[in-house]
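Beneath this line is the structure, given in structure tokens, with notes to follow.
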Amino acid sequence: MALLNEHEELLSAWRSLSRAAETTDGWRTIPIGIGRCRAGVRFPAGDEALLVGFSIAAPAATDLPQGRGFSVSRVGDAPSGGFDVWFGVSRKPTASLEMFTLMAADLLASVSAAKGEEQKAYYQFLSRIRSWQQFMERPRDRRLSEEEELGLFGELTIVGRLLDRGVPPSVVMQCWKGPANGLRDFMGEMHDVEVKATISPNGFPARISSLEQLDDVAGRSVFLAALRFSLQDAATSLPALIADIREKAGGDGRIGLERNLLLAGYDDAHADEYVRCFEPMDERIFRMGDGFPRLSRSSAPLAVRAAKYELDLDLVDIATVGLDEVFVAFGGALKQ
């Protein structure tokens, strides 16, 4: 899948750059992805980085977000490549290389998909960095909140459906990006799915985290899967669903599954604390298009730099699509 390839390409590029003998301070970079991106290593420290170029007015240093495990700075000695300003997103020495690579691959995919005005592409770049900033500040040694528990149950429901319809387990785990703070919960080559789950009997509140989340730019198909559950004693708990998914994933998908559960913050040590059981009640799949009510980067005025908002999906009166359309988009079989 695209994001996996970007993950591997970044690691390969950094290994190659790190092996190169370097006796002077400064950047060594090689092109990666589209023309505005380069993988880089800065000597003598040797920290890995993703460099991205834009043709915009240079922002103040205070406008650049910083986060746990990474830093963002202007890069003065990078190749111009026709761009006025270059930014480096660099791993801090104590940060996990695996986590930083996930972040860099996500940024690379997001920037590669950005079309149109340079300023909008730049804001999308910053939006994803800020999202990772919040993600990396989340505590990892606790049980999930009730909202996180429901969200993970919803995503795993789609994981199970994809596996049931014949999508290879390794492909499902590669596409499942929600736990790794992906822009959307499932991201394929050209088809994405964002999952929203609720237990509300009246109204369907869905929090949208950014202008980019439901934006179907660059020819990508974006689906919104709305799943409603009720709490029933005889239904399925989160640990029970995970046990079922582990069996379905088998050996091919087990490593990817466990990695995603770890990133989602799920720990078997807290399994006994997840006592709520969820019964599926309703599901609706919306395909993003002109009739869907949303705020998006491609349509928002340039002065709107970022936004979070809430939809009531019960009030969205447009035609839904069948799950078959989603399954086939991710490599599943048509229902016979």
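Convention: chains lettered A, B, ... in structure tokens order; per-chain residue numbering from 1; ligands numbered from 1 as shown.
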Spatial neighbours of Ala121 (chain A), max dist 10 Å, only C-alpha atoms, sep filter under 4 positions, as a list in words: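 Surrounding residues, per the criterion: Phe54, Ser110, Val111, Ser112, Ala113, Ala114, Lys115, Gly116, Glu117, Phe125, Leu126, Ser127, Arg297 and Ser298 of chain A.
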Write the selection just made, keeping N, CA and C atoms, as a short mmCIF file (atom, residue, chain, number, x, y, z; two decimals), in the first residue's frame?
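Contents of the output file result.cif:
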```
data_model
loop_
_atom_site.label_atom_id
_atom_site.label_comp_id
_atom_site.auth_asym_id
_atom_site.auth_seq_id
_atom_site.Cartn_x
_atom_site.Cartn_y
_atom_site.Cartn_z
N PHE A 54 8.14 24.76 0.12
CA PHE A 54 6.95 25.51 -0.28
C PHE A 54 7.36 26.84 -0.87
N SER A 110 0.44 12.91 3.05
CA SER A 110 -0.48 14.05 3.06
C SER A 110 0.00 15.16 2.13
N VAL A 111 1.29 15.46 2.17
CA VAL A 111 1.83 16.51 1.32
C VAL A 111 1.76 16.09 -0.14
N SER A 112 2.00 14.81 -0.42
CA SER A 112 1.95 14.33 -1.80
C SER A 112 0.54 14.45 -2.37
N ALA A 113 -0.47 14.30 -1.51
CA ALA A 113 -1.87 14.37 -1.96
C ALA A 113 -2.38 15.80 -2.08
N ALA A 114 -1.66 16.77 -1.49
CA ALA A 114 -2.11 18.16 -1.49
C ALA A 114 -1.97 18.76 -2.87
N LYS A 115 -3.04 19.32 -3.37
CA LYS A 115 -3.04 19.98 -4.67
C LYS A 115 -3.49 21.43 -4.48
N GLY A 116 -3.32 22.22 -5.54
CA GLY A 116 -3.85 23.58 -5.50
C GLY A 116 -2.85 24.57 -4.96
N GLU A 117 -3.36 25.56 -4.21
CA GLU A 117 -2.54 26.67 -3.77
C GLU A 117 -1.48 26.25 -2.77
N PHE A 125 0.00 20.72 5.73
CA PHE A 125 1.24 20.21 6.33
C PHE A 125 1.28 20.53 7.83
N LEU A 126 1.00 21.78 8.19
CA LEU A 126 1.00 22.16 9.61
C LEU A 126 -0.11 21.45 10.38
N SER A 127 -1.27 21.27 9.76
CA SER A 127 -2.39 20.62 10.43
C SER A 127 -2.02 19.19 10.83
N ARG A 297 -10.53 21.55 3.44
CA ARG A 297 -9.42 22.42 3.07
C ARG A 297 -9.58 22.96 1.66
N SER A 298 -10.08 22.15 0.73
CA SER A 298 -10.16 22.57 -0.66
C SER A 298 -11.21 23.64 -0.89
#
```
6 Å contact set for region 197-206 of chain A, only C-alpha atoms, chain neighbours under 6 positions out, as a list in words: Gly154, Ala226, Leu227, Arg228, Phe229, Ser230, Glu310, Leu311, Asp312, Leu313 and Asp314 of chain A
Which of region 25-201 of chain A fall in alpha helix (DSSP H), as a ChimeraX atom specification: /A:97-113,118-136,146-164,169-175
Region 325-331 of chain A environment, 10 Å, only C-alpha atoms, sequence neighbours closer than 4 positions dropped, as a PyMOL selection string: chain A and resi 158+161-168+171-172+175+186-193+221-223+225+285+287+321+335
Best match for closeness to Tyr274 (chain A) among A:Arg128, A:His7, A:Arg143, A:Lys92, counting only C-alpha atoms: A:Arg143
Point-to-point distance from CA of Tyr123 (chain A) to CA of Asp63 (chain A), Å rounded to tenths: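 For CA of Tyr123 (chain A) relative to CA of Asp63 (chain A), the distance reads 11.2 Å.
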Residues near Glu137 (chain A), cut-off 9 Å, only C-alpha atoms, skip fewer than 5 positions along chain, as a PyMOL selection string: chain A and resi 67-68+132
Write the residues of the preceding selection, restricted to N, CA, C and O atoms, as a short mmCIF file (atom, residue, chain, number, x, y, z; two decimals), in the first residue's frame.
```cif
data_model
loop_
_atom_site.label_atom_id
_atom_site.label_comp_id
_atom_site.auth_asym_id
_atom_site.auth_seq_id
_atom_site.Cartn_x
_atom_site.Cartn_y
_atom_site.Cartn_z
N GLY A 67 6.83 19.25 19.04
CA GLY A 67 6.17 18.15 19.71
C GLY A 67 7.14 17.24 20.42
O GLY A 67 8.36 17.34 20.25
N ARG A 68 6.59 16.36 21.23
CA ARG A 68 7.39 15.37 21.92
C ARG A 68 7.99 14.41 20.89
O ARG A 68 7.26 13.76 20.14
N TRP A 132 -0.19 15.23 15.05
CA TRP A 132 0.81 14.34 15.65
C TRP A 132 1.31 14.87 16.98
O TRP A 132 1.63 14.09 17.90
#
```
Using only C-alpha atoms: which of A:Phe70, A:Ser96, A:Gly88, A:Ser18 has the shortest distance to Leu51 (chain A):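 Of the candidates, the smallest distance to Leu51 (chain A) is held by A:Gly88.
Nearest-residue note for Ser16 (chain A): choosing from A:Ala39, A:Val195, A:Ile34, A:Leu150, the minimum distance belongs to A:Ala39, counting only C-alpha atoms.
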Region 10-235 of chain A: residues DSSP assigns to strand (DSSP E or B), reported as a PyMOL selection string: chain A and resi 26-31+37-43+47-54+67+70-74+85-91+176+186-187+191-198+205-208+221-235
Nearest residue to Phe153 (chain A) from the set A:Ile242, A:Ala306, A:Leu10, A:Leu17 (distances using only C-alpha atoms): A:Ile242
Close residues, Leu50 (chain A) itself excluded, 12 Å, only C-alpha atoms, min 6 positions apart in chain, as an NGL selection string: :A and (6-7 or 9-11 or 13-14 or 27-33 or 36-42 or 70-75 or 78 or 86-91 or 100-109 or 111 or 125 or 129)
Best match for closeness to Ser210 (chain A) among A:Tyr122, A:Trp176, A:Tyr309, A:Phe135, counting only C-alpha atoms: A:Tyr309
Nearest candidate to Gln66 (chain A) (options A:Met136, A:Ile208, A:Met281, A:Leu241; using only C-alpha atoms):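 Closest residue, counting only C-alpha atoms: A:Met136.
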Contacts of Val85 (chain A) within 9 Å, only C-alpha atoms, excl. fewer than 5 positions in-chain, as a PyMOL selection string: chain A and resi 52-58+74-76+80
Next, write the just-selected residues to a file, as a short mmCIF file (atom, residue, chain, number, x, y, z; two decimals), in the first residue's frame, keeping C-alpha atoms as the atom set.
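Done, and the output landed in result_12.cif:
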```
data_model
loop_
_atom_site.label_atom_id
_atom_site.label_comp_id
_atom_site.auth_asym_id
_atom_site.auth_seq_id
_atom_site.Cartn_x
_atom_site.Cartn_y
_atom_site.Cartn_z
CA VAL A 52 9.42 19.78 2.64
CA GLY A 53 9.59 22.83 0.36
CA PHE A 54 6.95 25.51 -0.28
CA SER A 55 6.75 28.70 -2.31
CA ILE A 56 5.32 30.90 0.44
CA ALA A 57 6.34 33.84 2.57
CA ALA A 58 8.55 32.61 5.39
CA ARG A 74 13.28 26.28 8.73
CA VAL A 75 16.12 24.76 6.75
CA GLY A 76 18.46 27.32 5.28
CA SER A 80 15.97 25.08 -3.49
#
```
Coordinates-based distance that separates CA of Leu152 (chain A) from CA of Asp252 (chain A) (Å, one decimal): 21.1 Å
